[in-house]
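*Asks:* Data file target.pdb (PDB, N, CA and C atoms) is appended below.
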```
ATOM      1  N   MET A   1      70.297  88.812  77.308
ATOM      2  CA  MET A   1      71.101  89.889  77.828
ATOM      3  C   MET A   1      70.398  90.477  79.050
ATOM      4  N   THR A   2      71.195  90.925  80.004
ATOM      5  CA  THR A   2      70.630  91.430  81.250
ATOM      6  C   THR A   2      70.994  92.893  81.449
ATOM      7  N   ASN A   3      70.220  93.587  82.246
ATOM      8  CA  ASN A   3      70.529  94.969  82.565
ATOM      9  C   ASN A   3      71.118  95.096  83.965
ATOM     10  N   ARG A   4      71.503  93.957  84.543
ATOM     11  CA  ARG A   4      72.137  93.924  85.866
ATOM     12  C   ARG A   4      73.645  93.758  85.669
ATOM     13  N   LEU A   5      74.414  94.596  86.345
ATOM     14  CA  LEU A   5      75.860  94.634  86.174
ATOM     15  C   LEU A   5      76.588  94.357  87.483
ATOM     16  N   THR A   6      77.777  93.788  87.369
ATOM     17  CA  THR A   6      78.675  93.690  88.515
ATOM     18  C   THR A   6      79.788  94.703  88.305
ATOM     19  N   VAL A   7      80.215  95.293  89.397
ATOM     20  CA  VAL A   7      81.274  96.292  89.360
ATOM     21  C   VAL A   7      82.340  95.853  90.363
ATOM     22  N   ASP A   8      83.564  95.636  89.869
ATOM     23  CA  ASP A   8      84.658  95.193  90.727
ATOM     24  C   ASP A   8      85.720  96.279  90.843
ATOM     25  N   ASN A   9      86.488  96.184  91.923
ATOM     26  CA  ASN A   9      87.621  97.061  92.208
ATOM     27  C   ASN A   9      87.173  98.450  92.671
ATOM     28  N   LEU A  10      86.120  98.496  93.462
ATOM     29  CA  LEU A  10      85.656  99.748  94.053
ATOM     30  C   LEU A  10      86.547 100.134  95.229
ATOM     31  N   THR A  11      86.590 101.415  95.534
ATOM     32  CA  THR A  11      87.357 101.870  96.689
ATOM     33  C   THR A  11      86.643 101.481  97.979
ATOM     34  N   LEU A  12      87.380 101.414  99.077
ATOM     35  CA  LEU A  12      86.797 101.027 100.360
ATOM     36  C   LEU A  12      85.746 102.004 100.854
ATOM     37  N   GLY A  13      85.847 103.269 100.459
ATOM     38  CA  GLY A  13      84.903 104.279 100.926
ATOM     39  C   GLY A  13      83.657 104.416 100.073
ATOM     40  N   MET A  14      83.559 103.663  98.995
ATOM     41  CA  MET A  14      82.416 103.757  98.077
ATOM     42  C   MET A  14      81.142 103.289  98.774
ATOM     43  N   ASN A  15      80.043 104.033  98.559
ATOM     44  CA  ASN A  15      78.753 103.611  99.107
ATOM     45  C   ASN A  15      77.725 103.545  97.976
ATOM     46  N   ASP A  16      76.506 103.158  98.308
ATOM     47  CA  ASP A  16      75.462 102.974  97.302
ATOM     48  C   ASP A  16      75.197 104.255  96.502
ATOM     49  N   CYS A  17      75.146 105.389  97.188
ATOM     50  CA  CYS A  17      74.878 106.665  96.505
ATOM     51  C   CYS A  17      76.007 107.025  95.547
ATOM     52  N   ASP A  18      77.252 106.784  95.968
ATOM     53  CA  ASP A  18      78.401 107.042  95.094
ATOM     54  C   ASP A  18      78.327 106.177  93.840
ATOM     55  N   LEU A  19      77.968 104.916  94.026
ATOM     56  CA  LEU A  19      77.887 103.992  92.900
ATOM     57  C   LEU A  19      76.776 104.421  91.940
ATOM     58  N   GLU A  20      75.643 104.810  92.475
ATOM     59  CA  GLU A  20      74.551 105.288  91.628
ATOM     60  C   GLU A  20      74.987 106.524  90.848
ATOM     61  N   ALA A  21      75.671 107.450  91.498
ATOM     62  CA  ALA A  21      76.132 108.672  90.834
ATOM     63  C   ALA A  21      77.126 108.363  89.714
ATOM     64  N   LEU A  22      77.930 107.340  89.901
ATOM     65  CA  LEU A  22      78.903 106.935  88.888
ATOM     66  C   LEU A  22      78.216 106.430  87.621
ATOM     67  N   PHE A  23      77.093 105.732  87.789
ATOM     68  CA  PHE A  23      76.405 105.110  86.657
ATOM     69  C   PHE A  23      75.291 105.967  86.070
ATOM     70  N   SER A  24      74.744 106.903  86.808
ATOM     71  CA  SER A  24      73.583 107.661  86.341
ATOM     72  C   SER A  24      73.818 108.482  85.068
ATOM     73  N   PRO A  25      75.037 108.933  84.746
ATOM     74  CA  PRO A  25      75.202 109.625  83.462
ATOM     75  C   PRO A  25      74.976 108.722  82.241
ATOM     76  N   HIS A  26      74.896 107.421  82.466
ATOM     77  CA  HIS A  26      74.783 106.471  81.362
ATOM     78  C   HIS A  26      73.385 105.876  81.227
ATOM     79  N   GLY A  27      72.447 106.350  82.050
ATOM     80  CA  GLY A  27      71.072 105.879  81.980
ATOM     81  C   GLY A  27      70.431 105.924  83.357
ATOM     82  N   THR A  28      69.204 105.438  83.424
ATOM     83  CA  THR A  28      68.470 105.418  84.684
ATOM     84  C   THR A  28      68.901 104.210  85.510
ATOM     85  N   VAL A  29      69.326 104.476  86.730
ATOM     86  CA  VAL A  29      69.766 103.426  87.643
ATOM     87  C   VAL A  29      68.568 103.004  88.492
ATOM     88  N   LEU A  30      68.180 101.734  88.362
ATOM     89  CA  LEU A  30      67.078 101.214  89.176
ATOM     90  C   LEU A  30      67.547 100.890  90.584
ATOM     91  N   SER A  31      68.778 100.360  90.692
ATOM     92  CA  SER A  31      69.348 100.063  92.005
ATOM     93  C   SER A  31      70.866 100.055  91.895
ATOM     94  N   ALA A  32      71.506 100.405  92.997
ATOM     95  CA  ALA A  32      72.958 100.369  93.094
ATOM     96  C   ALA A  32      73.290  99.921  94.512
ATOM     97  N   HIS A  33      74.082  98.861  94.609
ATOM     98  CA  HIS A  33      74.394  98.305  95.928
ATOM     99  C   HIS A  33      75.871  97.939  96.008
ATOM    100  N   VAL A  34      76.564  98.539  96.970
ATOM    101  CA  VAL A  34      77.952  98.190  97.259
ATOM    102  C   VAL A  34      77.930  97.157  98.371
ATOM    103  N   VAL A  35      78.579  96.024  98.149
ATOM    104  CA  VAL A  35      78.653  94.979  99.165
ATOM    105  C   VAL A  35      79.660  95.433 100.216
ATOM    106  N   THR A  36      79.224  95.406 101.481
ATOM    107  CA  THR A  36      80.069  95.904 102.567
ATOM    108  C   THR A  36      80.372  94.822 103.596
ATOM    109  N   ASP A  37      81.461  95.036 104.306
ATOM    110  CA  ASP A  37      81.855  94.162 105.404
ATOM    111  C   ASP A  37      80.935  94.443 106.585
ATOM    112  N   SER A  38      80.365  93.416 107.174
ATOM    113  CA  SER A  38      79.401  93.617 108.256
ATOM    114  C   SER A  38      80.050  94.181 109.522
ATOM    115  N   ASP A  39      81.337  93.947 109.706
ATOM    116  CA  ASP A  39      82.013  94.458 110.902
ATOM    117  C   ASP A  39      82.454  95.910 110.754
ATOM    118  N   THR A  40      83.042  96.253 109.607
ATOM    119  CA  THR A  40      83.600  97.593 109.426
ATOM    120  C   THR A  40      82.671  98.546 108.684
ATOM    121  N   GLY A  41      81.737  97.995 107.910
ATOM    122  CA  GLY A  41      80.865  98.831 107.099
ATOM    123  C   GLY A  41      81.526  99.340 105.836
ATOM    124  N   LEU A  42      82.792  98.958 105.618
ATOM    125  CA  LEU A  42      83.517  99.395 104.427
ATOM    126  C   LEU A  42      83.221  98.484 103.247
ATOM    127  N   SER A  43      83.373  99.043 102.055
ATOM    128  CA  SER A  43      83.164  98.288 100.827
ATOM    129  C   SER A  43      84.072  97.073 100.773
ATOM    130  N   LYS A  44      83.538  95.972 100.263
ATOM    131  CA  LYS A  44      84.356  94.781 100.014
ATOM    132  C   LYS A  44      84.997  94.857  98.632
ATOM    133  N   GLY A  45      84.786  95.972  97.927
ATOM    134  CA  GLY A  45      85.432  96.182  96.641
ATOM    135  C   GLY A  45      84.597  95.814  95.434
ATOM    136  N   PHE A  46      83.342  95.435  95.658
ATOM    137  CA  PHE A  46      82.478  95.126  94.516
ATOM    138  C   PHE A  46      81.037  95.490  94.826
ATOM    139  N   GLY A  47      80.243  95.574  93.763
ATOM    140  CA  GLY A  47      78.846  95.921  93.934
ATOM    141  C   GLY A  47      78.041  95.540  92.711
ATOM    142  N   PHE A  48      76.771  95.887  92.743
ATOM    143  CA  PHE A  48      75.836  95.551  91.678
ATOM    144  C   PHE A  48      75.029  96.786  91.304
ATOM    145  N   VAL A  49      74.788  96.928  90.015
ATOM    146  CA  VAL A  49      73.986  98.036  89.514
ATOM    147  C   VAL A  49      72.961  97.456  88.556
ATOM    148  N   GLU A  50      71.729  97.938  88.652
ATOM    149  CA  GLU A  50      70.701  97.545  87.699
ATOM    150  C   GLU A  50      70.238  98.788  86.958
ATOM    151  N   MET A  51      70.348  98.740  85.634
ATOM    152  CA  MET A  51      69.933  99.839  84.770
ATOM    153  C   MET A  51      68.532  99.529  84.226
ATOM    154  N   THR A  52      67.859 100.550  83.697
ATOM    155  CA  THR A  52      66.505 100.363  83.191
ATOM    156  C   THR A  52      66.453  99.445  81.983
ATOM    157  N   THR A  53      67.396  99.613  81.056
ATOM    158  CA  THR A  53      67.371  98.812  79.830
ATOM    159  C   THR A  53      68.728  98.156  79.584
ATOM    160  N   CYS A  54      68.716  97.159  78.740
ATOM    161  CA  CYS A  54      69.965  96.499  78.343
ATOM    162  C   CYS A  54      70.871  97.455  77.584
ATOM    163  N   ASP A  55      70.279  98.346  76.778
ATOM    164  CA  ASP A  55      71.076  99.332  76.046
ATOM    165  C   ASP A  55      71.813 100.263  77.005
ATOM    166  N   GLN A  56      71.141 100.676  78.069
ATOM    167  CA  GLN A  56      71.790 101.528  79.068
ATOM    168  C   GLN A  56      72.895 100.769  79.787
ATOM    169  N   ALA A  57      72.654  99.508  80.071
ATOM    170  CA  ALA A  57      73.669  98.686  80.731
ATOM    171  C   ALA A  57      74.900  98.562  79.835
ATOM    172  N   GLN A  58      74.685  98.335  78.539
ATOM    173  CA  GLN A  58      75.803  98.232  77.603
ATOM    174  C   GLN A  58      76.557  99.557  77.493
ATOM    175  N   ALA A  59      75.836 100.674  77.519
ATOM    176  CA  ALA A  59      76.470 101.993  77.468
ATOM    177  C   ALA A  59      77.336 102.217  78.709
ATOM    178  N   ALA A  60      76.838 101.783  79.867
ATOM    179  CA  ALA A  60      77.603 101.932  81.108
ATOM    180  C   ALA A  60      78.858 101.069  81.075
ATOM    181  N   ILE A  61      78.744  99.850  80.558
ATOM    182  CA  ILE A  61      79.917  98.971  80.435
ATOM    183  C   ILE A  61      80.950  99.632  79.527
ATOM    184  N   ALA A  62      80.504 100.123  78.373
ATOM    185  CA  ALA A  62      81.416 100.748  77.413
ATOM    186  C   ALA A  62      82.110 101.972  78.006
ATOM    187  N   ALA A  63      81.378 102.738  78.809
ATOM    188  CA  ALA A  63      81.922 103.974  79.364
ATOM    189  C   ALA A  63      82.801 103.752  80.587
ATOM    190  N   LEU A  64      82.491 102.747  81.406
ATOM    191  CA  LEU A  64      83.146 102.635  82.713
ATOM    192  C   LEU A  64      84.119 101.469  82.865
ATOM    193  N   ASN A  65      83.988 100.421  82.075
ATOM    194  CA  ASN A  65      84.894  99.285  82.215
ATOM    195  C   ASN A  65      86.318  99.716  81.860
ATOM    196  N   GLY A  66      87.243  99.486  82.780
ATOM    197  CA  GLY A  66      88.638  99.857  82.563
ATOM    198  C   GLY A  66      88.960 101.299  82.914
ATOM    199  N   LYS A  67      87.970 102.041  83.372
ATOM    200  CA  LYS A  67      88.179 103.452  83.715
ATOM    201  C   LYS A  67      88.615 103.595  85.167
ATOM    202  N   ASP A  68      89.297 104.712  85.448
ATOM    203  CA  ASP A  68      89.779 104.998  86.799
ATOM    204  C   ASP A  68      88.667 105.601  87.650
ATOM    205  N   SER A  69      88.556 105.120  88.873
ATOM    206  CA  SER A  69      87.644 105.692  89.853
ATOM    207  C   SER A  69      88.404 105.815  91.166
ATOM    208  N   ASN A  70      88.849 107.022  91.461
ATOM    209  CA  ASN A  70      89.610 107.289  92.694
ATOM    210  C   ASN A  70      90.829 106.382  92.830
ATOM    211  N   GLY A  71      91.552 106.202  91.734
ATOM    212  CA  GLY A  71      92.778 105.411  91.764
ATOM    213  C   GLY A  71      92.586 103.921  91.560
ATOM    214  N   HIS A  72      91.368 103.488  91.343
ATOM    215  CA  HIS A  72      91.069 102.071  91.110
ATOM    216  C   HIS A  72      90.534 101.906  89.694
ATOM    217  N   THR A  73      91.048 100.920  88.965
ATOM    218  CA  THR A  73      90.553 100.624  87.625
ATOM    219  C   THR A  73      89.336  99.716  87.739
ATOM    220  N   LEU A  74      88.198 100.218  87.306
ATOM    221  CA  LEU A  74      86.943  99.480  87.433
ATOM    222  C   LEU A  74      86.839  98.341  86.431
ATOM    223  N   THR A  75      86.193  97.274  86.858
ATOM    224  CA  THR A  75      85.789  96.192  85.969
ATOM    225  C   THR A  75      84.268  96.147  86.021
ATOM    226  N   VAL A  76      83.636  96.411  84.896
ATOM    227  CA  VAL A  76      82.174  96.436  84.818
ATOM    228  C   VAL A  76      81.755  95.427  83.765
ATOM    229  N   LYS A  77      80.865  94.515  84.159
ATOM    230  CA  LYS A  77      80.384  93.497  83.218
ATOM    231  C   LYS A  77      78.975  93.075  83.594
ATOM    232  N   GLN A  78      78.345  92.349  82.692
ATOM    233  CA  GLN A  78      77.009  91.847  82.972
ATOM    234  C   GLN A  78      77.075  90.858  84.128
ATOM    235  N   ALA A  79      76.099  90.951  85.018
ATOM    236  CA  ALA A  79      76.021  90.021  86.143
ATOM    237  C   ALA A  79      75.531  88.672  85.638
ATOM    238  N   MET A  80      76.106  87.641  86.160
ATOM    239  CA  MET A  80      75.665  86.291  85.822
ATOM    240  C   MET A  80      74.412  85.983  86.643
ATOM    241  N   PRO A  81      73.445  85.299  86.032
ATOM    242  CA  PRO A  81      72.248  84.943  86.802
ATOM    243  C   PRO A  81      72.627  83.970  87.907
ATOM    244  N   PRO A  82      71.905  84.025  89.009
ATOM    245  CA  PRO A  82      72.211  83.086  90.093
ATOM    246  C   PRO A  82      72.060  81.649  89.607
ATOM    247  N   GLU A  83      72.944  80.801  90.078
ATOM    248  CA  GLU A  83      72.876  79.389  89.694
ATOM    249  C   GLU A  83      71.682  78.734  90.363
ATOM    250  N   ASP A  84      71.103  77.786  89.640
ATOM    251  CA  ASP A  84      70.029  77.006  90.244
ATOM    252  C   ASP A  84      70.652  76.082  91.275
ATOM    253  N   HIS A  85      70.078  76.055  92.432
ATOM    254  CA  HIS A  85      70.579  75.187  93.491
ATOM    255  C   HIS A  85      69.550  74.094  93.755
ATOM    256  N   MET A  86      70.035  72.888  93.845
ATOM    257  CA  MET A  86      69.148  71.776  94.131
ATOM    258  C   MET A  86      68.911  71.725  95.634
ATOM    259  N   VAL A  87      67.674  71.632  96.010
ATOM    260  CA  VAL A  87      67.311  71.525  97.409
ATOM    261  C   VAL A  87      66.735  70.137  97.639
ATOM    262  N   ILE A  88      67.270  69.452  98.615
ATOM    263  CA  ILE A  88      66.774  68.128  98.957
ATOM    264  C   ILE A  88      66.017  68.247 100.265
ATOM    265  N   VAL A  89      64.757  67.856 100.226
ATOM    266  CA  VAL A  89      63.927  67.911 101.416
ATOM    267  C   VAL A  89      63.813  66.514 101.979
ATOM    268  N   VAL A  90      64.152  66.381 103.248
ATOM    269  CA  VAL A  90      64.090  65.086 103.904
ATOM    270  C   VAL A  90      62.984  65.176 104.959
ATOM    271  N   GLY A  91      62.037  64.281 104.838
ATOM    272  CA  GLY A  91      60.933  64.274 105.791
ATOM    273  C   GLY A  91      61.303  63.532 107.060
ATOM    274  N   ALA A  92      60.767  63.974 108.153
ATOM    275  CA  ALA A  92      61.010  63.315 109.430
ATOM    276  C   ALA A  92      60.103  62.091 109.534
ATOM    277  N   ALA A  93      60.611  61.064 110.165
ATOM    278  CA  ALA A  93      59.820  59.848 110.378
ATOM    279  C   ALA A  93      58.710  60.152 111.377
ATOM    280  N   THR A  94      57.557  59.628 111.075
ATOM    281  CA  THR A  94      56.440  59.810 112.001
ATOM    282  C   THR A  94      56.008  58.450 112.518
ATOM    283  N   SER A  95      55.582  58.410 113.726
ATOM    284  CA  SER A  95      55.116  57.141 114.269
ATOM    285  C   SER A  95      53.666  57.294 114.684
ATOM    286  N   GLY A  96      52.890  56.303 114.311
ATOM    287  CA  GLY A  96      51.495  56.286 114.709
ATOM    288  C   GLY A  96      50.611  57.164 113.854
ATOM    289  N   ILE A  97      51.161  57.859 112.894
ATOM    290  CA  ILE A  97      50.343  58.688 112.034
ATOM    291  C   ILE A  97      50.291  58.033 110.665
ATOM    292  N   PRO A  98      49.085  57.706 110.180
ATOM    293  CA  PRO A  98      48.989  57.015 108.891
ATOM    294  C   PRO A  98      49.376  57.862 107.712
TER
END
```
Is it possible to give me this structure as C-alpha cells?
*Replies:*
Amino acid sequence: MTNRLTVDNLTLGMNDCDLEALFSPHGTVLSAHVVTDSDTGLSKGFGFVEMTTCDQAQAAIAALNGKDSNGHTLTVKQAMPPEDHMVIVVGAATSGIP
C-alpha cells in the first residue's frame, strides 16, 4: 500500500497550496502537486498528493473521493507506481581502439 495519491477532476484554478489545504484536514501532507499546462499555467485537472502514512492516505480517500470541490466531483485513489521501463543502450562503433 502506498501513501501517494492521484486526484482527478480538479478545477482549472486549483494550485498546489489549494490542493494541500484540501487534504491537510485528513493528515500531514508531505507534498501536493497540481499538474499544469506549460502554456497557460492552468491546472490540467489532476494532481498528486503524498501523505505521511498509509492510514492518512486511506482516510483522505474515504473523505474526499466522490466529494464536490468547487462544482467538480473529485476522484481520489492510490497512485500506481511508475512502470519499469526497459532501456536499451547501443554503443557506438569505434575504430582503432582495442
*Asks:* Skip Asn9 in chain A itself and residues of its chain fewer than 5 positions away, then list as a ChimeraX atom specification all residues within 6 Å of it, counting only N, CA and C atoms.
*Replies:* /A:45-46,72-75
*Asks:* Quick one: apply the PyMOL selection byres ((chain A and resi 59-65) around 5) to the file and drop the selected residues here as a PyMOL selection string.
*Replies:* chain A and resi 55-58+66-67+74-76
*Asks:* Running the PyMOL selection byres ((chain A and resi 31-34) around 7) on this model by hand, what would come out? Give it as a list in words.
*Replies:* Met14, Asn15, Asp16, Cys17, Leu19, Glu20, Thr28, Val29, Leu30, Val35, Thr36, Ser43, Lys44, Gly45, Phe46, Gly47, Phe48, Val49, Glu50 and Met51 of chain A
*Asks:* A:Thr2, A:Ser24, A:Thr53, A:Thr11: which is nearest Gly71 in chain A, counting all atoms listed in the file?
*Replies:*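 Smallest separation from Gly71 in chain A among the options: A:Thr11.
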*Asks:* A:Thr52, A:Ser38, A:Thr6, A:Ser69: which is nearest Leu22 in chain A, counting only C-alpha atoms?
*Replies:*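 Comparing A:Thr52, A:Ser38, A:Thr6, A:Ser69 against Leu22 in chain A, the winner is A:Ser69.
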*Asks:* Where does DSSP see helix (DSSP H, G or I) in chain A, if you list the residues as a list in words?
*Replies:*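 Selecting the helix (DSSP H, G or I) positions of chain A gives Asp16, Cys17, Asp18, Leu19, Glu20, Ala21, Leu22, Phe23, Ser24, Pro25, His26, Cys54, Asp55, Gln56, Ala57, Gln58, Ala59, Ala60, Ile61, Ala62, Ala63 and Leu64 of chain A.
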*Asks:* Could you tell me, as a PDB file with N, CA and C atoms, in the frame of the given file, which residues of chain A DSSP assigns to strand (DSSP E) when given the backbone?
*Replies:*
```
ATOM      1  N   ARG A   4      71.503  93.957  84.543  1.00  0.00           N
ATOM      2  CA  ARG A   4      72.137  93.924  85.866  1.00  0.00           C
ATOM      3  C   ARG A   4      73.645  93.758  85.669  1.00  0.00           C
ATOM      4  N   LEU A   5      74.414  94.596  86.345  1.00  0.00           N
ATOM      5  CA  LEU A   5      75.860  94.634  86.174  1.00  0.00           C
ATOM      6  C   LEU A   5      76.588  94.357  87.483  1.00  0.00           C
ATOM      7  N   THR A   6      77.777  93.788  87.369  1.00  0.00           N
ATOM      8  CA  THR A   6      78.675  93.690  88.515  1.00  0.00           C
ATOM      9  C   THR A   6      79.788  94.703  88.305  1.00  0.00           C
ATOM     10  N   VAL A   7      80.215  95.293  89.397  1.00  0.00           N
ATOM     11  CA  VAL A   7      81.274  96.292  89.360  1.00  0.00           C
ATOM     12  C   VAL A   7      82.340  95.853  90.363  1.00  0.00           C
ATOM     13  N   ASP A   8      83.564  95.636  89.869  1.00  0.00           N
ATOM     14  CA  ASP A   8      84.658  95.193  90.727  1.00  0.00           C
ATOM     15  C   ASP A   8      85.720  96.279  90.843  1.00  0.00           C
ATOM     16  N   VAL A  29      69.326 104.476  86.730  1.00  0.00           N
ATOM     17  CA  VAL A  29      69.766 103.426  87.643  1.00  0.00           C
ATOM     18  C   VAL A  29      68.568 103.004  88.492  1.00  0.00           C
ATOM     19  N   LEU A  30      68.180 101.734  88.362  1.00  0.00           N
ATOM     20  CA  LEU A  30      67.078 101.214  89.176  1.00  0.00           C
ATOM     21  C   LEU A  30      67.547 100.890  90.584  1.00  0.00           C
ATOM     22  N   SER A  31      68.778 100.360  90.692  1.00  0.00           N
ATOM     23  CA  SER A  31      69.348 100.063  92.005  1.00  0.00           C
ATOM     24  C   SER A  31      70.866 100.055  91.895  1.00  0.00           C
ATOM     25  N   ALA A  32      71.506 100.405  92.997  1.00  0.00           N
ATOM     26  CA  ALA A  32      72.958 100.369  93.094  1.00  0.00           C
ATOM     27  C   ALA A  32      73.290  99.921  94.512  1.00  0.00           C
ATOM     28  N   HIS A  33      74.082  98.861  94.609  1.00  0.00           N
ATOM     29  CA  HIS A  33      74.394  98.305  95.928  1.00  0.00           C
ATOM     30  C   HIS A  33      75.871  97.939  96.008  1.00  0.00           C
ATOM     31  N   VAL A  34      76.564  98.539  96.970  1.00  0.00           N
ATOM     32  CA  VAL A  34      77.952  98.190  97.259  1.00  0.00           C
ATOM     33  C   VAL A  34      77.930  97.157  98.371  1.00  0.00           C
ATOM     34  N   VAL A  35      78.579  96.024  98.149  1.00  0.00           N
ATOM     35  CA  VAL A  35      78.653  94.979  99.165  1.00  0.00           C
ATOM     36  C   VAL A  35      79.660  95.433 100.216  1.00  0.00           C
ATOM     37  N   THR A  36      79.224  95.406 101.481  1.00  0.00           N
ATOM     38  CA  THR A  36      80.069  95.904 102.567  1.00  0.00           C
ATOM     39  C   THR A  36      80.372  94.822 103.596  1.00  0.00           C
ATOM     40  N   SER A  43      83.373  99.043 102.055  1.00  0.00           N
ATOM     41  CA  SER A  43      83.164  98.288 100.827  1.00  0.00           C
ATOM     42  C   SER A  43      84.072  97.073 100.773  1.00  0.00           C
ATOM     43  N   LYS A  44      83.538  95.972 100.263  1.00  0.00           N
ATOM     44  CA  LYS A  44      84.356  94.781 100.014  1.00  0.00           C
ATOM     45  C   LYS A  44      84.997  94.857  98.632  1.00  0.00           C
ATOM     46  N   GLY A  45      84.786  95.972  97.927  1.00  0.00           N
ATOM     47  CA  GLY A  45      85.432  96.182  96.641  1.00  0.00           C
ATOM     48  C   GLY A  45      84.597  95.814  95.434  1.00  0.00           C
ATOM     49  N   PHE A  46      83.342  95.435  95.658  1.00  0.00           N
ATOM     50  CA  PHE A  46      82.478  95.126  94.516  1.00  0.00           C
ATOM     51  C   PHE A  46      81.037  95.490  94.826  1.00  0.00           C
ATOM     52  N   GLY A  47      80.243  95.574  93.763  1.00  0.00           N
ATOM     53  CA  GLY A  47      78.846  95.921  93.934  1.00  0.00           C
ATOM     54  C   GLY A  47      78.041  95.540  92.711  1.00  0.00           C
ATOM     55  N   PHE A  48      76.771  95.887  92.743  1.00  0.00           N
ATOM     56  CA  PHE A  48      75.836  95.551  91.678  1.00  0.00           C
ATOM     57  C   PHE A  48      75.029  96.786  91.304  1.00  0.00           C
ATOM     58  N   VAL A  49      74.788  96.928  90.015  1.00  0.00           N
ATOM     59  CA  VAL A  49      73.986  98.036  89.514  1.00  0.00           C
ATOM     60  C   VAL A  49      72.961  97.456  88.556  1.00  0.00           C
ATOM     61  N   GLU A  50      71.729  97.938  88.652  1.00  0.00           N
ATOM     62  CA  GLU A  50      70.701  97.545  87.699  1.00  0.00           C
ATOM     63  C   GLU A  50      70.238  98.788  86.958  1.00  0.00           C
ATOM     64  N   MET A  51      70.348  98.740  85.634  1.00  0.00           N
ATOM     65  CA  MET A  51      69.933  99.839  84.770  1.00  0.00           C
ATOM     66  C   MET A  51      68.532  99.529  84.226  1.00  0.00           C
ATOM     67  N   ASP A  68      89.297 104.712  85.448  1.00  0.00           N
ATOM     68  CA  ASP A  68      89.779 104.998  86.799  1.00  0.00           C
ATOM     69  C   ASP A  68      88.667 105.601  87.650  1.00  0.00           C
ATOM     70  N   SER A  69      88.556 105.120  88.873  1.00  0.00           N
ATOM     71  CA  SER A  69      87.644 105.692  89.853  1.00  0.00           C
ATOM     72  C   SER A  69      88.404 105.815  91.166  1.00  0.00           C
ATOM     73  N   HIS A  72      91.368 103.488  91.343  1.00  0.00           N
ATOM     74  CA  HIS A  72      91.069 102.071  91.110  1.00  0.00           C
ATOM     75  C   HIS A  72      90.534 101.906  89.694  1.00  0.00           C
ATOM     76  N   THR A  73      91.048 100.920  88.965  1.00  0.00           N
ATOM     77  CA  THR A  73      90.553 100.624  87.625  1.00  0.00           C
ATOM     78  C   THR A  73      89.336  99.716  87.739  1.00  0.00           C
ATOM     79  N   THR A  75      86.193  97.274  86.858  1.00  0.00           N
ATOM     80  CA  THR A  75      85.789  96.192  85.969  1.00  0.00           C
ATOM     81  C   THR A  75      84.268  96.147  86.021  1.00  0.00           C
ATOM     82  N   VAL A  76      83.636  96.411  84.896  1.00  0.00           N
ATOM     83  CA  VAL A  76      82.174  96.436  84.818  1.00  0.00           C
ATOM     84  C   VAL A  76      81.755  95.427  83.765  1.00  0.00           C
ATOM     85  N   LYS A  77      80.865  94.515  84.159  1.00  0.00           N
ATOM     86  CA  LYS A  77      80.384  93.497  83.218  1.00  0.00           C
ATOM     87  C   LYS A  77      78.975  93.075  83.594  1.00  0.00           C
ATOM     88  N   GLN A  78      78.345  92.349  82.692  1.00  0.00           N
ATOM     89  CA  GLN A  78      77.009  91.847  82.972  1.00  0.00           C
ATOM     90  C   GLN A  78      77.075  90.858  84.128  1.00  0.00           C
TER      91      GLN A  78
END
```
*Asks:* With N, CA, C and O atoms as the goal, would you fill in the gaps in range 61-70 of chain A and present it as a PDB file, keeping the file's coordinate frame?
*Replies:*
```pdb
ATOM      1  N   ILE A  61      78.744  99.850  80.558  1.00  0.00           N
ATOM      2  CA  ILE A  61      79.917  98.971  80.435  1.00  0.00           C
ATOM      3  C   ILE A  61      80.950  99.632  79.527  1.00  0.00           C
ATOM      4  O   ILE A  61      82.136  99.717  79.869  1.00  0.00           O
ATOM      5  N   ALA A  62      80.504 100.123  78.373  1.00  0.00           N
ATOM      6  CA  ALA A  62      81.416 100.748  77.413  1.00  0.00           C
ATOM      7  C   ALA A  62      82.110 101.972  78.006  1.00  0.00           C
ATOM      8  O   ALA A  62      83.298 102.208  77.763  1.00  0.00           O
ATOM      9  N   ALA A  63      81.378 102.738  78.809  1.00  0.00           N
ATOM     10  CA  ALA A  63      81.922 103.974  79.364  1.00  0.00           C
ATOM     11  C   ALA A  63      82.801 103.752  80.587  1.00  0.00           C
ATOM     12  O   ALA A  63      83.767 104.493  80.799  1.00  0.00           O
ATOM     13  N   LEU A  64      82.491 102.747  81.406  1.00  0.00           N
ATOM     14  CA  LEU A  64      83.146 102.635  82.713  1.00  0.00           C
ATOM     15  C   LEU A  64      84.119 101.469  82.865  1.00  0.00           C
ATOM     16  O   LEU A  64      84.997 101.526  83.726  1.00  0.00           O
ATOM     17  N   ASN A  65      83.988 100.421  82.075  1.00  0.00           N
ATOM     18  CA  ASN A  65      84.894  99.285  82.215  1.00  0.00           C
ATOM     19  C   ASN A  65      86.318  99.716  81.860  1.00  0.00           C
ATOM     20  O   ASN A  65      86.564 100.275  80.795  1.00  0.00           O
ATOM     21  N   GLY A  66      87.243  99.486  82.780  1.00  0.00           N
ATOM     22  CA  GLY A  66      88.638  99.857  82.563  1.00  0.00           C
ATOM     23  C   GLY A  66      88.960 101.299  82.914  1.00  0.00           C
ATOM     24  O   GLY A  66      90.107 101.723  82.790  1.00  0.00           O
ATOM     25  N   LYS A  67      87.970 102.041  83.372  1.00  0.00           N
ATOM     26  CA  LYS A  67      88.179 103.452  83.715  1.00  0.00           C
ATOM     27  C   LYS A  67      88.615 103.595  85.167  1.00  0.00           C
ATOM     28  O   LYS A  67      88.343 102.754  86.012  1.00  0.00           O
ATOM     29  N   ASP A  68      89.297 104.712  85.448  1.00  0.00           N
ATOM     30  CA  ASP A  68      89.779 104.998  86.799  1.00  0.00           C
ATOM     31  C   ASP A  68      88.667 105.601  87.650  1.00  0.00           C
ATOM     32  O   ASP A  68      87.928 106.468  87.188  1.00  0.00           O
ATOM     33  N   SER A  69      88.556 105.120  88.873  1.00  0.00           N
ATOM     34  CA  SER A  69      87.644 105.692  89.853  1.00  0.00           C
ATOM     35  C   SER A  69      88.404 105.815  91.166  1.00  0.00           C
ATOM     36  O   SER A  69      88.639 104.814  91.855  1.00  0.00           O
ATOM     37  N   ASN A  70      88.849 107.022  91.461  1.00  0.00           N
ATOM     38  CA  ASN A  70      89.610 107.289  92.694  1.00  0.00           C
ATOM     39  C   ASN A  70      90.829 106.382  92.830  1.00  0.00           C
ATOM     40  O   ASN A  70      91.096 105.831  93.902  1.00  0.00           O
TER      41      ASN A  70
END
```
